[in-house]
Amino acid sequence: MSEPAEFLALALVKAAPLIFAALAGVLCERAGILNIALEGQLAAGAFVAVAAAAATGNPLAGLAAGVLAGAALGGVLGFAATRFGVDQIVAGTGLNLLALGGAAFGLVVIFGQPGASPSVASLGASGAHLLIAAALASAFALHVVLYYTPWGLRVRACGENPRAVASAGLDPKSIRLAATTVGGALAGLGGVYLSLGELNLYSDGMSAGRGFIALAAVIFGRWTPLGATGAALAFGALSALQFILQRSGVPSELMQALPYLAALAALAGIAGRARAPRADGVPYVE
Amino acid sequence: MLHRFNVALSPGYGFIAIAVALVGELDPLRVVFAAFAFGILQSGSLTMQALAHVPKDVVTVIEGLIILALSARRFAPSAGRLRANERTG
């Protein structure tokens with residue numbers, strides 16, 4: 001492959017898990033739930049997918065299990081946030097520890113070895129390509145769902161003014177719970193891509209802060225599916241650039257800091273105003 | 001403590017610290033106790049692994065569960081509610 005084509009391909013490969021996680025972040029935050037457990041949902045999806053693929057020998061069963069694991073974690077966050085009105089940052093931090101620690105523990109219990117799992121049946125190169133296509137398709141699908149369907153309108157209303165949703169006779173809590181569950185499933189799919197798409201194993205710390213970079217992408221993309229996807233693609237291109245510039249001596253740490261600098265710049269009002277949904281992270285109490 | 005800097009010197013301490021601060025109810029004195037409790041868990045995990053062959057990651061899971069359970073306390077001055085109060089005046 002020529003160098004520019006190689007760069008673009010690598011950028012897409014690096015962006016795909018970020019896109020899944022960023023879309024999950026957009027959906028949850030537009031519904032008014034701050035999901036900082038994206039990192040844990042990626043790790044849970046990645047680990048459970050490998051465990052299920054190892055148990056059944058079928059990577060598709062792994063994919064389904066990974067998506068379910070992400071959805072379950074998202075559901076727990078949604079349930080805690082709607083039923084108990086928890087502080088979503090604290091609950092998210094707890095869920096992150098739970099998922100990352102649980103995966104590390106599971107490696108020892110299931111595979112009998114710390115650090116990384118043995119190789120399992122993966123989705124292969126074609127599976128990874130399909131998942132990359134699915135990431136881009138999900139971006140457009142979420143855009144259509146959020147802006148052109150009644151459910152999307154309700155989700156956005158829950159993120160701005162849940163009381164108005166309640167006075168329209170709908171239940172903002174169940175809408176928020178559904179949004180975090182679907183969001184968790186998306187992030188879980190991103191995890192499946194990491195473990196069974198790009199590779200064929202789970203290793204500790206494999207999510208590598210992507211959940212937090214995805215949160216930066218949500219902000220930089222101004223809480224819209226297409227904006228966040230654009231930001232995730234840009235951050236994917238940055239990490240592809242990192243590989244290419246390694247030889248030229250540009251410190252890779254500078255590149256790793258750039259997504260967060262971009263999010264700060266967006267928050268500081270550079271190139272238009274960034275405003276979070278008004279009820280983002282605010283528990284709804286009747 | 002080590003007289004040198006190492007990039008992996010802080011293995012997620014900053015993140016646990018957010019939770020510790022809120023478990024300590026944002027009260028400087030109580031935060032010290034919360035941090036001490038988490039410190040006990042962390043240092044005990046290594047001994048547990050060495051003596052009982054229980055993977056030390058169990059402690060991370062337990063910390064996660066504690067934080068998740070405590071996050072539901074309604075009296076905790078949550079950042080979200082503070083923001084909500086500002087808005088409603």
# chains A, B, ... in the order shown; residues from 1 in each chain; ligands from 1
$ interface_residues --of "chain A" --to "chain B" --cutoff "9 Å" --atoms "only C-alpha atoms" --output "PyMOL selection string"
chain A and resi 80-81+84-105+108-109+114+279-283
$ write_last_selection --atoms "C-alpha atoms" --output "PDB file, in the first residue's frame"
ATOM      1  CA  ALA A  80     -28.190   3.385  39.846  1.00  0.00           C
ATOM      2  CA  ALA A  81     -28.649   6.838  38.337  1.00  0.00           C
ATOM      3  CA  PHE A  84     -31.099   5.720  43.431  1.00  0.00           C
ATOM      4  CA  GLY A  85     -30.172   9.153  42.075  1.00  0.00           C
ATOM      5  CA  VAL A  86     -26.473   8.455  42.555  1.00  0.00           C
ATOM      6  CA  ASP A  87     -23.657  10.812  41.823  1.00  0.00           C
ATOM      7  CA  GLN A  88     -22.927   9.593  38.314  1.00  0.00           C
ATOM      8  CA  ILE A  89     -19.219  10.429  38.436  1.00  0.00           C
ATOM      9  CA  VAL A  90     -18.722   8.366  41.584  1.00  0.00           C
ATOM     10  CA  ALA A  91     -20.849   5.490  40.319  1.00  0.00           C
ATOM     11  CA  GLY A  92     -18.992   5.570  36.990  1.00  0.00           C
ATOM     12  CA  THR A  93     -15.640   5.478  38.771  1.00  0.00           C
ATOM     13  CA  GLY A  94     -16.871   2.516  40.812  1.00  0.00           C
ATOM     14  CA  LEU A  95     -18.020   0.721  37.659  1.00  0.00           C
ATOM     15  CA  ASN A  96     -14.674   1.361  35.980  1.00  0.00           C
ATOM     16  CA  LEU A  97     -12.819  -0.204  38.902  1.00  0.00           C
ATOM     17  CA  LEU A  98     -15.314  -3.050  38.987  1.00  0.00           C
ATOM     18  CA  ALA A  99     -14.909  -3.848  35.280  1.00  0.00           C
ATOM     19  CA  LEU A 100     -11.135  -3.403  35.046  1.00  0.00           C
ATOM     20  CA  GLY A 101     -10.538  -5.301  38.298  1.00  0.00           C
ATOM     21  CA  GLY A 102     -13.103  -7.932  37.375  1.00  0.00           C
ATOM     22  CA  ALA A 103     -11.393  -8.542  34.022  1.00  0.00           C
ATOM     23  CA  ALA A 104      -7.967  -8.844  35.684  1.00  0.00           C
ATOM     24  CA  PHE A 105      -9.471 -11.227  38.249  1.00  0.00           C
ATOM     25  CA  VAL A 108      -6.610 -15.549  36.662  1.00  0.00           C
ATOM     26  CA  VAL A 109      -9.801 -17.457  37.444  1.00  0.00           C
ATOM     27  CA  PRO A 114      -2.479 -12.932  34.990  1.00  0.00           C
ATOM     28  CA  ALA A 279     -29.594  18.222  32.619  1.00  0.00           C
ATOM     29  CA  ASP A 280     -26.405  16.236  31.838  1.00  0.00           C
ATOM     30  CA  GLY A 281     -25.369  14.408  35.003  1.00  0.00           C
ATOM     31  CA  VAL A 282     -28.204  15.851  37.088  1.00  0.00           C
ATOM     32  CA  PRO A 283     -30.215  13.158  38.876  1.00  0.00           C
TER      33      PRO A 283
END
$ select_by_dssp --residues "range 30-62 of chain A" --states "alpha helix (DSSP H)" --output "list in words"
Arg30, Leu38, Glu39, Gly40, Gln41, Leu42, Ala43, Ala44, Gly45, Ala46, Phe47, Val48, Ala49, Val50, Ala51, Ala52, Ala53, Ala54, Ala55, Thr56, Pro59, Leu60, Ala61 and Gly62 of chain A
$ atom_distance --atom1 "CA of Val155 in chain A" --atom2 "CA of Leu23 in chain A"
13.8 Å
$ atom_distance --atom1 "CA of Gly66 in chain A" --atom2 "CA of Cys158 in chain A"
27.7 Å
$ atom_distance --atom1 "CA of Leu107 in chain A" --atom2 "CA of Leu38 in chain A"
20.4 Å
$ closest_residue --among "A:Pro118, A:Gly32, A:Gly57, A:Gly191" --to "Ala69 in chain A" --atoms "only C-alpha atoms"
A:Gly191
$ residues_around --residues "range 247-258 of chain A" --least-positions-apart "4" --cutoff "12 Å" --atoms "only C-alpha atoms" --output "mmCIF file with C-alpha atoms, in the first residue's frame"
data_model
loop_
_atom_site.group_PDB
_atom_site.id
_atom_site.type_symbol
_atom_site.label_atom_id
_atom_site.label_comp_id
_atom_site.auth_asym_id
_atom_site.auth_seq_id
_atom_site.Cartn_x
_atom_site.Cartn_y
_atom_site.Cartn_z
ATOM 1 C CA ALA A 208 -5.743 2.001 27.405
ATOM 2 C CA GLY A 209 -7.749 5.095 28.330
ATOM 3 C CA ARG A 210 -9.862 4.989 25.146
ATOM 4 C CA PHE A 212 -11.669 8.785 28.453
ATOM 5 C CA ILE A 213 -10.458 9.852 25.016
ATOM 6 C CA ALA A 216 -13.079 14.072 25.063
ATOM 7 C CA ALA A 217 -14.436 13.230 21.598
ATOM 8 C CA PHE A 220 -15.089 18.080 21.010
ATOM 9 C CA ALA A 231 -13.579 13.872 16.614
ATOM 10 C CA ALA A 234 -9.408 12.836 14.127
ATOM 11 C CA PHE A 235 -8.084 11.247 17.329
ATOM 12 C CA GLY A 236 -7.670 7.943 15.439
ATOM 13 C CA ALA A 237 -5.679 9.796 12.791
ATOM 14 C CA LEU A 238 -3.543 11.296 15.572
ATOM 15 C CA SER A 239 -2.614 7.885 16.918
ATOM 16 C CA ALA A 240 -1.931 6.656 13.373
ATOM 17 C CA LEU A 241 0.304 9.696 12.930
ATOM 18 C CA GLN A 242 2.034 8.725 16.138
ATOM 19 C CA PHE A 243 3.101 5.424 14.572
ATOM 20 C CA ALA A 262 -8.695 19.508 21.840
ATOM 21 C CA ALA A 263 -11.514 18.885 24.337
ATOM 22 C CA LEU A 264 -10.255 21.751 26.526
ATOM 23 C CA ALA A 265 -10.104 23.998 23.492
ATOM 24 C CA VAL B 7 5.680 7.536 34.254
#
